[in-house]
file my_file_36.txt (compact mmCIF, C-alpha atoms)
# COMPACT_ATOMS: atom_id res chain seq x y z
CA MET X 1 -3.73 -21.93 8.86
CA THR X 2 -4.35 -24.02 5.73
CA THR X 3 -2.92 -27.12 7.40
CA ALA X 4 -5.09 -26.68 10.48
CA THR X 5 -8.25 -26.19 8.39
CA ARG X 6 -7.45 -29.14 6.20
CA SER X 7 -6.84 -31.43 9.17
CA HIS X 8 -10.51 -31.20 10.09
CA ARG X 9 -11.61 -32.16 6.60
CA ILE X 10 -9.41 -35.05 5.56
CA ARG X 11 -8.88 -38.19 7.55
CA LEU X 12 -5.18 -38.55 8.43
CA ALA X 13 -3.34 -41.76 9.22
CA PRO X 14 -2.41 -41.96 12.95
CA ASP X 15 1.29 -41.34 12.18
CA GLN X 16 0.49 -38.23 10.16
CA ARG X 17 -1.86 -37.00 12.87
CA ARG X 18 0.77 -37.58 15.56
CA SER X 19 3.40 -35.80 13.49
CA GLN X 20 1.05 -32.86 12.93
CA LEU X 21 0.42 -32.63 16.69
CA LEU X 22 4.18 -32.65 17.33
CA ASP X 23 4.65 -29.81 14.83
CA LEU X 24 2.02 -27.86 16.71
CA GLY X 25 3.69 -28.70 20.05
CA VAL X 26 7.05 -27.45 18.81
CA ARG X 27 5.46 -24.25 17.45
CA LEU X 28 3.77 -23.62 20.80
CA LEU X 29 7.07 -24.29 22.58
CA ALA X 30 8.74 -21.41 20.73
CA THR X 31 7.10 -18.88 23.02
CA ARG X 32 6.38 -21.05 26.07
CA SER X 33 8.44 -22.98 28.60
CA LEU X 34 7.93 -26.75 28.86
CA ASP X 35 6.02 -26.18 32.11
CA GLU X 36 3.61 -23.89 30.30
CA LEU X 37 3.04 -26.35 27.45
CA SER X 38 0.50 -28.66 29.07
CA ILE X 39 -1.55 -31.39 27.42
CA ASP X 40 -4.51 -29.03 28.00
CA VAL X 41 -2.93 -26.21 25.99
CA LEU X 42 -2.10 -28.51 23.09
CA ALA X 43 -5.56 -30.12 23.16
CA GLU X 44 -7.19 -26.70 23.02
CA GLU X 45 -4.93 -25.43 20.23
CA ALA X 46 -5.38 -28.64 18.20
CA GLY X 47 -9.13 -28.71 18.83
CA ILE X 48 -9.12 -32.31 20.03
CA SER X 49 -9.77 -34.03 23.36
CA ARG X 50 -7.20 -34.59 26.09
CA GLY X 51 -8.05 -38.30 25.92
CA LEU X 52 -7.03 -38.51 22.28
CA LEU X 53 -3.74 -36.73 23.05
CA TYR X 54 -3.03 -39.24 25.83
CA HIS X 55 -3.80 -41.96 23.32
CA TYR X 56 -1.19 -40.59 20.88
CA PHE X 57 1.54 -39.96 23.46
CA GLY X 58 0.83 -42.35 26.35
CA GLY X 59 0.80 -39.73 29.10
CA LYS X 60 2.35 -36.42 30.04
CA GLN X 61 6.01 -37.52 30.17
CA GLY X 62 5.64 -39.31 26.79
CA PHE X 63 4.16 -36.14 25.33
CA TYR X 64 7.03 -33.96 26.60
CA GLU X 65 9.63 -36.41 25.34
CA ALA X 66 8.01 -36.62 21.90
CA VAL X 67 7.76 -32.82 21.55
CA VAL X 68 11.34 -32.25 22.77
CA GLN X 69 12.69 -34.99 20.47
CA HIS X 70 10.82 -33.39 17.57
CA ALA X 71 12.27 -29.97 18.49
CA ALA X 72 15.77 -31.47 18.80
CA ASP X 73 15.41 -33.09 15.36
CA ASP X 74 14.39 -29.69 13.98
CA LEU X 75 17.41 -28.00 15.58
CA PHE X 76 19.73 -30.67 14.22
CA ALA X 77 18.27 -30.43 10.70
CA GLN X 78 18.29 -26.62 10.63
CA THR X 79 21.92 -26.38 11.77
CA ALA X 80 23.26 -28.75 9.10
CA PRO X 81 26.41 -27.21 7.58
CA PRO X 82 26.55 -26.89 3.78
CA ALA X 83 28.11 -29.87 1.96
CA GLY X 84 30.96 -27.91 0.39
CA GLY X 85 33.06 -24.87 1.09
CA GLU X 86 35.87 -23.83 3.39
CA PRO X 87 35.68 -25.44 6.91
CA LEU X 88 35.40 -22.19 8.94
CA GLN X 89 32.75 -20.91 6.51
CA ARG X 90 30.74 -24.15 6.95
CA LEU X 91 30.99 -23.74 10.73
CA HIS X 92 29.89 -20.09 10.43
CA THR X 93 26.80 -21.12 8.44
CA SER X 94 25.90 -23.78 11.00
CA ILE X 95 26.42 -21.34 13.92
CA THR X 96 24.25 -18.73 12.19
CA ALA X 97 21.41 -21.26 11.96
CA TYR X 98 21.90 -22.16 15.65
CA VAL X 99 21.69 -18.52 16.75
CA ASP X 100 18.57 -18.04 14.57
CA TYR X 101 17.00 -21.14 16.11
CA VAL X 102 17.65 -20.10 19.72
CA GLN X 103 16.39 -16.58 19.00
CA ALA X 104 13.19 -17.86 17.37
CA ASN X 105 12.55 -20.46 20.09
CA HIS X 106 14.00 -18.67 23.10
CA ALA X 107 11.46 -19.67 25.79
CA GLY X 108 11.27 -23.32 24.80
CA TYR X 109 15.02 -23.68 24.31
CA ARG X 110 15.81 -22.13 27.68
CA SER X 111 13.33 -24.43 29.41
CA LEU X 112 14.85 -27.47 27.66
CA VAL X 113 18.32 -26.52 28.93
CA LYS X 114 16.81 -26.12 32.40
CA ALA X 115 14.99 -29.48 32.27
CA ALA X 116 18.07 -31.29 30.91
CA GLY X 117 20.33 -29.68 33.52
CA GLY X 118 17.90 -30.13 36.38
CA GLY X 119 17.61 -33.89 36.38
CA ASN X 120 14.86 -34.94 33.95
CA GLU X 121 16.82 -37.94 32.68
CA ALA X 122 14.79 -38.57 29.50
CA LEU X 123 15.06 -34.94 28.38
CA ARG X 124 18.73 -34.89 29.38
CA ALA X 125 19.36 -37.91 27.13
CA ILE X 126 17.70 -36.21 24.14
CA TYR X 127 19.72 -33.04 24.80
CA GLU X 128 23.05 -34.91 25.18
CA THR X 129 22.46 -37.05 22.08
CA THR X 130 21.66 -33.97 19.99
CA PHE X 131 24.77 -32.08 21.10
CA GLU X 132 26.99 -35.13 20.58
CA ALA X 133 25.63 -35.43 17.04
CA MET X 134 26.32 -31.72 16.49
CA ALA X 135 29.87 -32.19 17.83
CA ASP X 136 30.34 -35.11 15.40
CA ARG X 137 29.82 -32.68 12.54
CA VAL X 138 32.95 -30.78 13.54
CA PHE X 139 34.92 -33.99 12.98
CA ALA X 140 32.88 -35.31 10.05
CA GLN X 141 35.28 -34.41 7.22
CA PRO X 142 38.68 -35.61 8.43
CA ASP X 143 40.52 -34.59 5.24
CA ASP X 144 39.36 -31.05 5.61
CA ALA X 145 38.72 -30.64 9.36
CA ILE X 146 39.33 -27.47 11.38
CA ILE X 147 40.68 -29.55 14.27
CA PRO X 148 42.05 -33.09 14.69
CA ASP X 149 39.78 -35.76 16.21
CA THR X 150 41.35 -36.75 19.56
CA PRO X 151 39.92 -37.40 23.06
CA ALA X 152 41.30 -34.00 24.11
CA THR X 153 39.66 -32.08 21.25
CA ARG X 154 36.37 -33.98 21.83
CA LEU X 155 36.45 -32.72 25.45
CA LEU X 156 37.12 -29.17 24.26
CA VAL X 157 34.33 -29.20 21.65
CA ARG X 158 31.82 -30.27 24.33
CA ALA X 159 33.01 -27.46 26.64
CA TRP X 160 32.90 -24.98 23.72
CA GLN X 161 29.26 -25.98 23.11
CA SER X 162 28.48 -25.09 26.75
CA MET X 163 30.15 -21.75 26.25
CA VAL X 164 28.24 -21.08 23.02
CA GLU X 165 24.93 -21.98 24.62
CA ASP X 166 25.54 -19.65 27.58
CA LEU X 167 26.70 -16.88 25.26
CA VAL X 168 23.73 -17.13 22.89
CA LEU X 169 21.14 -17.38 25.70
CA SER X 170 22.69 -14.33 27.43
CA TRP X 171 22.82 -12.46 24.13
CA CYS X 172 19.16 -13.25 23.37
CA ALA X 173 18.19 -11.90 26.80
CA ASP X 174 20.27 -8.72 26.25
CA PRO X 175 21.88 -8.22 22.82
CA THR X 176 23.41 -4.79 23.54
CA PRO X 177 27.04 -5.87 24.23
CA LEU X 178 27.60 -7.41 20.76
CA THR X 179 26.19 -7.00 17.29
CA ARG X 180 24.88 -10.15 15.65
CA GLU X 181 27.89 -10.26 13.31
CA GLU X 182 30.30 -9.86 16.23
CA LEU X 183 28.56 -12.68 18.11
CA LEU X 184 28.80 -15.00 15.08
CA HIS X 185 32.46 -14.10 14.57
CA VAL X 186 33.34 -14.74 18.23
CA ILE X 187 31.58 -18.13 18.28
CA THR X 188 33.08 -19.36 15.01
CA THR X 189 36.67 -18.29 15.64
CA SER X 190 36.67 -19.28 19.33
CA LEU X 191 36.62 -22.99 18.47
CA PRO X 192 39.99 -23.11 16.67
CA ALA X 193 41.34 -20.56 19.21
CA LEU X 194 40.37 -22.90 22.06
CA VAL X 195 41.94 -25.93 20.39
CA ASP X 196 45.12 -23.88 19.84
CA THR X 197 45.53 -23.58 23.62
CA LEU X 198 46.26 -27.33 23.83
CA PRO X 199 49.96 -27.74 24.68
CA MET S 1 37.40 -35.57 65.79
CA THR S 2 38.74 -33.21 68.44
CA THR S 3 36.19 -30.56 67.45
CA ALA S 4 33.28 -33.03 67.59
CA THR S 5 34.34 -34.32 71.01
CA ARG S 6 34.82 -30.84 72.37
CA SER S 7 31.43 -29.67 71.14
CA HIS S 8 29.78 -32.04 73.59
CA ARG S 9 31.79 -30.68 76.48
CA ILE S 10 31.76 -26.93 76.10
CA ARG S 11 28.67 -24.85 75.65
CA LEU S 12 28.81 -22.98 72.33
CA ALA S 13 26.98 -19.77 71.51
CA PRO S 14 24.15 -20.40 68.98
CA ASP S 15 26.12 -18.70 66.17
CA GLN S 16 29.16 -20.87 66.80
CA ARG S 17 27.01 -23.98 66.97
CA ARG S 18 25.26 -23.06 63.72
CA SER S 19 28.58 -22.39 62.02
CA GLN S 20 29.93 -25.75 63.24
CA LEU S 21 26.86 -27.51 61.81
CA LEU S 22 27.37 -25.74 58.47
CA ASP S 23 31.00 -26.87 58.38
CA LEU S 24 29.81 -30.42 58.93
CA GLY S 25 27.12 -30.02 56.22
CA VAL S 26 29.71 -28.80 53.70
CA ARG S 27 32.07 -31.68 54.60
CA LEU S 28 29.22 -34.17 54.10
CA LEU S 29 28.34 -32.51 50.79
CA ALA S 30 31.80 -33.27 49.40
CA THR S 31 30.86 -36.88 48.75
CA ARG S 32 27.07 -36.58 48.58
CA SER S 33 24.57 -34.84 46.31
CA LEU S 34 22.24 -32.24 47.82
CA ASP S 35 19.41 -34.78 47.58
CA GLU S 36 21.40 -37.23 49.66
CA LEU S 37 22.24 -34.64 52.33
CA SER S 38 19.01 -34.71 54.34
CA ILE S 39 18.36 -33.09 57.71
CA ASP S 40 18.30 -36.69 59.03
CA VAL S 41 21.84 -37.40 57.81
CA LEU S 42 23.18 -34.18 59.31
CA ALA S 43 21.33 -34.77 62.62
CA GLU S 44 22.80 -38.26 62.89
CA GLU S 45 26.33 -37.13 62.00
CA ALA S 46 26.14 -34.19 64.41
CA GLY S 47 24.58 -36.31 67.15
CA ILE S 48 21.71 -33.87 67.76
CA SER S 49 17.95 -33.99 67.21
CA ARG S 50 16.17 -33.11 63.98
CA GLY S 51 14.12 -30.62 65.96
CA LEU S 52 17.21 -28.70 66.99
CA LEU S 53 18.43 -28.60 63.38
CA TYR S 54 15.06 -27.20 62.27
CA HIS S 55 15.43 -24.64 65.01
CA TYR S 56 18.82 -23.52 63.67
CA PHE S 57 17.85 -23.46 59.98
CA GLY S 58 14.08 -22.93 59.92
CA GLY S 59 13.24 -25.95 57.77
CA LYS S 60 14.66 -28.01 54.95
CA GLN S 61 14.99 -25.28 52.30
CA GLY S 62 16.64 -22.95 54.83
CA PHE S 63 19.08 -25.71 55.72
CA TYR S 64 20.02 -26.32 52.06
CA GLU S 65 20.44 -22.62 51.39
CA ALA S 66 22.66 -22.16 54.47
CA VAL S 67 24.87 -25.15 53.57
CA VAL S 68 25.17 -24.12 49.91
CA GLN S 69 25.94 -20.49 50.85
CA HIS S 70 28.61 -21.76 53.24
CA ALA S 71 30.07 -23.98 50.49
CA ALA S 72 29.99 -21.06 48.01
CA ASP S 73 31.81 -18.84 50.51
CA ASP S 74 34.44 -21.58 50.89
CA LEU S 75 34.84 -21.85 47.10
CA PHE S 76 35.17 -18.09 46.78
CA ALA S 77 37.74 -17.87 49.60
CA GLN S 78 39.80 -20.80 48.34
CA THR S 79 40.00 -19.48 44.77
CA ALA S 80 41.25 -16.02 45.78
CA PRO S 81 44.14 -15.07 43.47
CA PRO S 82 47.42 -13.97 45.09
CA ALA S 83 47.73 -10.22 45.73
CA GLY S 84 50.80 -9.72 43.53
CA GLY S 85 52.41 -11.23 40.48
CA GLU S 86 51.87 -11.34 36.74
CA PRO S 87 48.13 -11.37 35.72
CA LEU S 88 48.14 -14.72 33.87
CA GLN S 89 50.05 -16.30 36.77
CA ARG S 90 47.46 -14.98 39.25
CA LEU S 91 44.70 -16.42 37.07
CA HIS S 92 46.54 -19.75 36.88
CA THR S 93 46.76 -19.91 40.70
CA SER S 94 43.06 -19.15 41.07
CA ILE S 95 42.13 -21.76 38.41
CA THR S 96 44.30 -24.37 40.14
CA ALA S 97 42.39 -23.80 43.38
CA TYR S 98 39.08 -24.08 41.50
CA VAL S 99 40.05 -27.41 39.91
CA ASP S 100 41.21 -28.69 43.32
CA TYR S 101 37.93 -27.60 44.88
CA VAL S 102 35.73 -29.28 42.24
CA GLN S 103 37.83 -32.47 42.44
CA ALA S 104 37.61 -32.60 46.25
CA ASN S 105 33.87 -31.81 46.30
CA HIS S 106 32.77 -33.45 43.06
CA ALA S 107 29.39 -34.91 44.14
CA GLY S 108 28.23 -31.81 46.00
CA TYR S 109 29.45 -29.40 43.32
CA ARG S 110 27.76 -31.34 40.52
CA SER S 111 24.48 -31.40 42.44
CA LEU S 112 24.71 -27.65 43.08
CA VAL S 113 25.13 -26.99 39.36
CA LYS S 114 22.13 -29.24 38.73
CA ALA S 115 19.96 -27.54 41.39
CA ALA S 116 20.95 -24.05 40.17
CA GLY S 117 20.31 -24.99 36.54
CA GLY S 118 17.12 -26.87 37.26
CA GLY S 119 15.06 -24.12 38.74
CA ASN S 120 15.72 -23.90 42.50
CA GLU S 121 15.68 -20.10 42.52
CA ALA S 122 17.36 -19.60 45.93
CA LEU S 123 20.25 -21.92 45.05
CA ARG S 124 20.48 -20.36 41.60
CA ALA S 125 20.85 -16.91 43.18
CA ILE S 126 23.71 -18.13 45.42
CA TYR S 127 25.39 -19.76 42.40
CA GLU S 128 25.02 -16.69 40.17
CA THR S 129 26.24 -14.28 42.87
CA THR S 130 29.32 -16.41 43.51
CA PHE S 131 30.27 -16.62 39.83
CA GLU S 132 29.66 -12.90 39.31
CA ALA S 133 32.01 -12.19 42.22
CA MET S 134 34.58 -14.55 40.70
CA ALA S 135 34.22 -12.77 37.34
CA ASP S 136 34.78 -9.43 39.11
CA ARG S 137 38.23 -10.64 40.13
CA VAL S 138 39.26 -10.83 36.48
CA PHE S 139 38.57 -7.10 36.22
CA ALA S 140 39.69 -6.16 39.74
CA GLN S 141 43.07 -4.65 38.88
CA PRO S 142 42.39 -2.32 35.95
CA ASP S 143 46.00 -1.08 35.67
CA ASP S 144 47.25 -4.59 35.22
CA ALA S 145 44.26 -6.49 33.79
CA ILE S 146 44.44 -9.33 31.26
CA ILE S 147 41.38 -7.97 29.48
CA PRO S 148 39.57 -4.62 29.35
CA ASP S 149 36.33 -4.22 31.32
CA THR S 150 33.53 -3.72 28.76
CA PRO S 151 29.98 -5.14 28.42
CA ALA S 152 31.29 -7.44 25.66
CA THR S 153 34.16 -8.84 27.73
CA ARG S 154 31.81 -9.28 30.73
CA LEU S 155 29.58 -11.42 28.51
CA LEU S 156 32.59 -13.46 27.34
CA VAL S 157 33.93 -14.02 30.88
CA ARG S 158 30.52 -15.40 31.95
CA ALA S 159 30.45 -17.76 28.93
CA TRP S 160 34.07 -18.77 29.61
CA GLN S 161 33.05 -19.69 33.18
CA SER S 162 30.38 -22.03 31.75
CA MET S 163 32.99 -23.60 29.52
CA VAL S 164 35.44 -24.04 32.41
CA GLU S 165 32.76 -25.62 34.60
CA ASP S 166 31.78 -28.10 31.90
CA LEU S 167 35.42 -28.89 31.16
CA VAL S 168 36.39 -29.46 34.80
CA LEU S 169 33.31 -31.56 35.60
CA SER S 170 33.92 -33.72 32.49
CA TRP S 171 37.61 -34.02 33.36
CA CYS S 172 36.82 -35.05 36.96
CA ALA S 173 34.51 -37.78 35.61
CA ASP S 174 37.18 -38.98 33.13
CA PRO S 175 40.64 -37.38 33.34
CA THR S 176 42.28 -39.50 30.61
CA PRO S 177 42.12 -36.97 27.72
CA LEU S 178 44.26 -34.31 29.46
CA THR S 179 46.89 -34.22 32.17
CA ARG S 180 46.22 -31.90 35.07
CA GLU S 181 48.86 -29.45 33.82
CA GLU S 182 47.36 -29.47 30.30
CA LEU S 183 43.89 -28.81 31.76
CA LEU S 184 45.18 -25.85 33.81
CA HIS S 185 47.05 -24.47 30.79
CA VAL S 186 44.00 -24.72 28.52
CA ILE S 187 41.71 -23.02 31.05
CA THR S 188 44.11 -20.18 31.84
CA THR S 189 45.13 -19.33 28.27
CA SER S 190 41.63 -19.79 26.80
CA LEU S 191 40.36 -16.61 28.51
CA PRO S 192 42.67 -14.15 26.71
CA ALA S 193 42.30 -16.28 23.53
CA LEU S 194 38.52 -15.93 23.72
CA VAL S 195 38.71 -12.17 24.27
CA ASP S 196 41.09 -11.91 21.28
CA THR S 197 38.29 -13.20 19.01
CA LEU S 198 36.36 -9.95 19.58
CA PRO S 199 36.47 -8.00 16.32

call {"tool": "encode", "arguments": {"input": "my_file_36.txt", "output": "structure tokens"}}
result
Amino acid sequence: MTTATRSHRIRLAPDQRRSQLLDLGVRLLATRSLDELSIDVLAEEAGISRGLLYHYFGGKQGFYEAVVQHAADDLFAQTAPPAGGEPLQRLHTSITAYVDYVQANHAGYRSLVKAAGGGNEALRAIYETTFEAMADRVFAQPDDAIIPDTPATRLLVRAWQSMVEDLVLSWCADPTPLTREELLHVITTSLPALVDTLP
Amino acid sequence: MTTATRSHRIRLAPDQRRSQLLDLGVRLLATRSLDELSIDVLAEEAGISRGLLYHYFGGKQGFYEAVVQHAADDLFAQTAPPAGGEPLQRLHTSITAYVDYVQANHAGYRSLVKAAGGGNEALRAIYETTFEAMADRVFAQPDDAIIPDTPATRLLVRAWQSMVEDLVLSWCADPTPLTREELLHVITTSLPALVDTLP
């Protein structure tokens, strides 16, 4: 509320203004699908004209890409594992943040998965890049890694991410089969269990 | 070839003719995406008019749904586990047939996943129904099951299917990280390994 009020009083640099509009877009996306987040909705919520929004984002597709990139950056930042600690505990902390993120942004996250899977190439690229960067974290500390970094384990981590996404989206839609702690335990321990199936 | 030649000579009942056209559609889909399989392509390959195809399928969406349902029925039939034998061995046989199917129908299968994920509700329903029926097989023989039938294990089997799909599609695009036998071993043994992570 304070930020919104202040934005009408002080003159912001274009970059700050754009960034503020992206923050608002991401907040609106938490409870809306991408289809429901139109330029019109954002213009109304931000109290500015559609023309100015087009000026900042260069059209509808540019606006969607900027908001989704901003949301992906948020997801990546929020799921950062702690610098120290035991590897499985670091993974557990990161997974906990991921589950929290998907729960808090269920509608927008589900629509991003849909858009990325359904052939919007720009959104697919943002999605793929984000999940590759998240996979890199699993291999980031080679001296202390849960699993070795090989082409085979890279393939398994990517498939495990698909499994986790499906599991968390299903669980958000109907959490009755598992408690939150059970869900976090299954996700964390399933990664080394999957890698252990390699002959 | 024999079938195509014969179809011009003998008069088929409408149901037989429709079924023959669906077989052709599924064969064409093996090396094409859904977008590339137009009514025009099928009409040309079948040597009949577009008008007649519209008559059989009631429009473009009806045609896609009929072809995809036919392909899904094929997938389901081909991945049937053997009636007897040890549970993990039955699963291994079924998985082998699934990998063979995805490899032989890579383009069409990938485009189905994309259409189902991207918001075509009719194709999504066919996809979901098929994978639910495939999940049911895991629980079909309660006296001799690999895993118990509970809401939690149902959730895990669905997530495991997502993982398997991602893994097999990635492997078809680039099979270098794993041999075929390694892939089949990982897929088969990862299901009980995943269920074992349940607290």

call {"tool": "residues_around", "arguments": {"input": "my_file_36.txt", "residues": "segment 86-102 of chain S", "least_positions_apart": "3", "cutoff": "8 Å", "atoms": "all atoms listed in the file", "output": "list of chain:residue names"}}
result
S:Leu75, S:Gln78, S:Thr79, S:Ala80, S:Pro81, S:Pro82, S:Asn105, S:His106, S:Tyr109, S:Val138, S:Asp144, S:Ala145, S:Ile146, S:Val168, S:Leu169, S:Cys172, S:Leu184, S:His185, S:Ile187, S:Thr188, S:Thr189

call {"tool": "closest_residue", "arguments": {"input": "my_file_36.txt", "among": "S:Leu37, S:Leu194, S:Leu183, S:Leu21", "to": "Leu167 of chain X", "atoms": "all atoms listed in the file"}}
result
S:Leu194

call {"tool": "atom_distance", "arguments": {"input": "my_file_36.txt", "atom1": "atom CA of Asp174 of chain X", "atom2": "atom CA of Ala77 of chain X"}}
result
26.8 Å

call {"tool": "interface_residues", "arguments": {"input": "my_file_36.txt", "of": "chain S", "to": "chain X", "cutoff": "7 Å", "atoms": "all atoms listed in the file", "output": "list of chain:residue names"}}
result
S:Lys114, S:Ala115, S:Gly117, S:Gly118, S:Gly119, S:Pro151, S:Ala152, S:Leu155, S:Ala159, S:Trp160, S:Ser162, S:Met163, S:Asp166, S:Leu167, S:Pro177, S:Leu178, S:Glu182, S:Val186, S:Thr189, S:Ser190, S:Ala193, S:Leu194, S:Thr197, S:Leu198, S:Pro199

call {"tool": "write_last_selection", "arguments": {"input": "my_file_36.txt", "atoms": "C-alpha atoms", "output": "compact mmCIF listing (two decimals), keeping the file's coordinate frame"}}
result
# COMPACT_ATOMS: atom_id res chain seq x y z
CA LYS S 114 22.13 -29.24 38.73
CA ALA S 115 19.96 -27.54 41.39
CA GLY S 117 20.31 -24.99 36.54
CA GLY S 118 17.12 -26.87 37.26
CA GLY S 119 15.06 -24.12 38.74
CA PRO S 151 29.98 -5.14 28.42
CA ALA S 152 31.29 -7.44 25.66
CA LEU S 155 29.58 -11.42 28.51
CA ALA S 159 30.45 -17.76 28.93
CA TRP S 160 34.07 -18.77 29.61
CA SER S 162 30.38 -22.03 31.75
CA MET S 163 32.99 -23.60 29.52
CA ASP S 166 31.78 -28.10 31.90
CA LEU S 167 35.42 -28.89 31.16
CA PRO S 177 42.12 -36.97 27.72
CA LEU S 178 44.26 -34.31 29.46
CA GLU S 182 47.36 -29.47 30.30
CA VAL S 186 44.00 -24.72 28.52
CA THR S 189 45.13 -19.33 28.27
CA SER S 190 41.63 -19.79 26.80
CA ALA S 193 42.30 -16.28 23.53
CA LEU S 194 38.52 -15.93 23.72
CA THR S 197 38.29 -13.20 19.01
CA LEU S 198 36.36 -9.95 19.58
CA PRO S 199 36.47 -8.00 16.32

call {"tool": "atom_distance", "arguments": {"input": "my_file_36.txt", "atom1": "atom CA of Tyr127 of chain X", "atom2": "atom CA of Ala72 of chain X"}}
result
7.4 Å

call {"tool": "atom_distance", "arguments": {"input": "my_file_36.txt", "atom1": "atom CA of Val26 of chain X", "atom2": "atom CA of Ala140 of chain X"}}
result
28.4 Å

call {"tool": "axis_aligned_box", "arguments": {"input": "my_file_36.txt", "around": "segment 16-24 of chain X", "padding_each_side": "8 Å", "output": "lines of an AutoDock Vina configuration file"}}
result
center_x = 1.4
center_y = -33.0
center_z = 13.7
size_x = 22.5
size_y = 26.4
size_z = 23.2

call {"tool": "residues_around", "arguments": {"input": "my_file_36.txt", "residues": "segment 60-63 of chain X", "least_positions_apart": "4", "cutoff": "10 Å", "atoms": "only C-alpha atoms", "output": "compact mmCIF listing (two decimals) with C-alpha atoms, in the coordinates of the input"}}
result
# COMPACT_ATOMS: atom_id res chain seq x y z
CA LEU X 22 4.18 -32.65 17.33
CA GLY X 25 3.69 -28.70 20.05
CA SER X 38 0.50 -28.66 29.07
CA ILE X 39 -1.55 -31.39 27.42
CA LEU X 53 -3.74 -36.73 23.05
CA TYR X 54 -3.03 -39.24 25.83
CA TYR X 56 -1.19 -40.59 20.88
CA VAL X 67 7.76 -32.82 21.55
CA VAL X 68 11.34 -32.25 22.77
CA GLN X 69 12.69 -34.99 20.47
CA ASN X 120 14.86 -34.94 33.95
CA ALA X 122 14.79 -38.57 29.50
CA LEU X 123 15.06 -34.94 28.38

call {"tool": "closest_residue", "arguments": {"input": "my_file_36.txt", "among": "X:Gln16, X:Thr130, X:Gln103, X:Ser49", "to": "Asp73 of chain X", "atoms": "only C-alpha atoms"}}
result
X:Thr130

call {"tool": "decode", "arguments": {"input": "my_file_36.txt", "residues": "segment 85-121 of chain X", "atoms": "C-alpha atoms", "output": "PDB file, in the first residue's frame"}}
result
ATOM      1  CA  GLY X  85      25.170 -27.467   5.859  1.00  0.00           C
ATOM      2  CA  GLU X  86      24.691 -31.101   4.952  1.00  0.00           C
ATOM      3  CA  PRO X  87      23.757 -31.670   1.231  1.00  0.00           C
ATOM      4  CA  LEU X  88      20.367 -33.367   1.816  1.00  0.00           C
ATOM      5  CA  GLN X  89      19.459 -30.660   4.346  1.00  0.00           C
ATOM      6  CA  ARG X  90      20.329 -27.938   1.793  1.00  0.00           C
ATOM      7  CA  LEU X  91      18.146 -29.706  -0.775  1.00  0.00           C
ATOM      8  CA  HIS X  92      15.321 -29.976   1.779  1.00  0.00           C
ATOM      9  CA  THR X  93      15.472 -26.218   2.445  1.00  0.00           C
ATOM     10  CA  SER X  94      15.387 -25.443  -1.275  1.00  0.00           C
ATOM     11  CA  ILE X  95      12.466 -27.855  -1.855  1.00  0.00           C
ATOM     12  CA  THR X  96      10.543 -26.303   1.040  1.00  0.00           C
ATOM     13  CA  ALA X  97      10.877 -22.875  -0.585  1.00  0.00           C
ATOM     14  CA  TYR X  98       9.739 -24.346  -3.933  1.00  0.00           C
ATOM     15  CA  VAL X  99       6.618 -25.890  -2.393  1.00  0.00           C
ATOM     16  CA  ASP X 100       5.867 -22.592  -0.599  1.00  0.00           C
ATOM     17  CA  TYR X 101       6.274 -20.702  -3.869  1.00  0.00           C
ATOM     18  CA  VAL X 102       3.976 -22.975  -5.876  1.00  0.00           C
ATOM     19  CA  GLN X 103       1.374 -22.905  -3.094  1.00  0.00           C
ATOM     20  CA  ALA X 104       1.448 -19.103  -2.864  1.00  0.00           C
ATOM     21  CA  ASN X 105       1.374 -18.634  -6.657  1.00  0.00           C
ATOM     22  CA  HIS X 106      -0.689 -21.636  -7.679  1.00  0.00           C
ATOM     23  CA  ALA X 107      -2.794 -20.112 -10.492  1.00  0.00           C
ATOM     24  CA  GLY X 108       0.070 -18.259 -12.153  1.00  0.00           C
ATOM     25  CA  TYR X 109       2.511 -21.147 -11.815  1.00  0.00           C
ATOM     26  CA  ARG X 110       0.072 -23.640 -13.305  1.00  0.00           C
ATOM     27  CA  SER X 111      -0.620 -21.341 -16.245  1.00  0.00           C
ATOM     28  CA  LEU X 112       3.125 -20.884 -16.834  1.00  0.00           C
ATOM     29  CA  VAL X 113       3.603 -24.660 -16.987  1.00  0.00           C
ATOM     30  CA  LYS X 114       0.690 -24.811 -19.421  1.00  0.00           C
ATOM     31  CA  ALA X 115       2.042 -21.992 -21.618  1.00  0.00           C
ATOM     32  CA  ALA X 116       5.574 -23.459 -21.620  1.00  0.00           C
ATOM     33  CA  GLY X 117       4.268 -26.945 -22.413  1.00  0.00           C
ATOM     34  CA  GLY X 118       1.762 -25.775 -24.989  1.00  0.00           C
ATOM     35  CA  GLY X 119       4.105 -24.169 -27.471  1.00  0.00           C
ATOM     36  CA  ASN X 120       4.700 -20.532 -26.464  1.00  0.00           C
ATOM     37  CA  GLU X 121       8.383 -20.648 -27.369  1.00  0.00           C
TER      38      GLU X 121
END
